[in-house]
Amino acid sequence: MDCLFCKMVNREIEPDVVYEDEHVLAFNDINPQAPTHVLIIPKKHIATLNDIREDDLEVVGRLPLVAARVAREAGFAEDGYRVVMNCNEGAGQTVYHIHMHLMGGRRFTWPAG
Ligand code: 5GP
Ligand code: ZN
């Protein structure tokens, strides 16, 4: 399957890993939008949020758990951080393997920026 993030899971492309376990991989984004910008993915290929099934809940539920863990380790868990999941083109999804963006180390505004 021609999926960039599956290639990282399989180490056909070497990610800059910040966390890994049996079900989840987290690595630094190549184009960071914050001092810390980590992508947290399930090792299982799921193309979009619309494709999550009941069977996936255990692994998908681990994504925010890993986000909080990485945020704690990076030292901004208490200050605050942002997690984002883009679904489909209208929201700016460019890689069709679900991923949680974890951004921290700066202040964020809402709804944009
Ligand atoms: P999306 O736009 O799908 O929500 O997010 C895709 C993210 O993947 C973007 O933040 C982009 O910078 C990141 N990305 C794209 N290609 C690569 C790559 O080859 N390596 C890494 N580490 N991140 C990538
Ligand atoms: Zn994939």
# chains A, B, ... in the order shown; residues from 1 in each chain; ligands from 1
>>> closest_atom_pairs(of="stretch 21-74 of chain A", to="stretch 8-17 of chain A", cutoff="7 Å", atoms="only C-alpha atoms", output="CSV")
residue,atom,partner,partner_atom,distance
A:Ala26,CA,A:Val17,CA,5.9
A:Phe27,CA,A:Val17,CA,4.2
A:Asn28,CA,A:Asp16,CA,5.6
A:Lys43,CA,A:Val9,CA,6.1
>>> residues_near_ligand(ligand="ligand 1", cutoff="6 Å", atoms="only C-alpha atoms and all ligand atoms", output="list of chain:residue names")
A:Asn28, A:Asp29, A:Ile30, A:Asn31, A:Asn86, A:Gly92, A:Gln93, A:Thr94, A:Val95
>>> write_last_selection(atoms="C-alpha atoms", output="PDB file, in the first residue's frame")
ATOM      1  CA  ASN A  28       8.200  14.784  14.779  1.00  0.00           C
ATOM      2  CA  ASP A  29       6.370  16.570  11.965  1.00  0.00           C
ATOM      3  CA  ILE A  30       8.658  17.506   9.060  1.00  0.00           C
ATOM      4  CA  ASN A  31       7.099  20.988   8.856  1.00  0.00           C
ATOM      5  CA  ASN A  86      -8.053  16.859  10.090  1.00  0.00           C
ATOM      6  CA  GLY A  92      -6.728  20.142   5.131  1.00  0.00           C
ATOM      7  CA  GLN A  93      -5.980  16.430   5.465  1.00  0.00           C
ATOM      8  CA  THR A  94      -3.052  15.629   3.187  1.00  0.00           C
ATOM      9  CA  VAL A  95      -1.912  12.220   4.465  1.00  0.00           C
TER      10      VAL A  95
END
>>> residues_near_ligand(ligand="ligand 2", cutoff="6 Å", atoms="only C-alpha atoms and all ligand atoms", output="list in words")
Cys3, Phe5, Cys6, His45 and His97 of chain A
>>> atom_distance(atom1="atom CA of A:Glu22", atom2="atom CA of A:Ala77")
23.8 Å
>>> residues_around(residues="stretch 49-54 of chain A", least_positions_apart="4", cutoff="12 Å", atoms="only C-alpha atoms", output="list of chain:residue names")
A:Ile41, A:Pro42, A:Lys44, A:His45, A:Glu58, A:Val59, A:Val60, A:Gly61, A:Val84, A:Met85, A:Asn86, A:Cys87, A:Asn88, A:Ala91, A:Gln93, A:Tyr96, A:His97, A:Ile98, A:His99, A:Met100
>>> select_by_dssp(residues="chain A", states="strand (DSSP E)", output="ChimeraX atom specification")
/A:17-20,24-28,36-42,81-84,100-104
>>> residues_around(residues="A:Gly80", least_positions_apart="2", cutoff="9 Å", atoms="only C-alpha atoms", output="count of residues only")
10
>>> select_by_dssp(residues="chain A", states="alpha helix (DSSP H)", output="list in words")
Leu4, Phe5, Cys6, Lys7, Met8, Val9, Leu57, Glu58, Val59, Val60, Arg62, Leu63, Pro64, Leu65, Val66, Ala67, Ala68, Arg69, Val70, Ala71, Arg72, Glu73 and Ala74 of chain A
>>> closest_residue(among="A:Val83, A:Met1, A:Ala74, A:Leu63", to="A:Glu20", atoms="only C-alpha atoms")
A:Leu63
>>> atom_distance(atom1="atom CA of A:Leu4", atom2="atom CA of A:Glu89")
16.8 Å
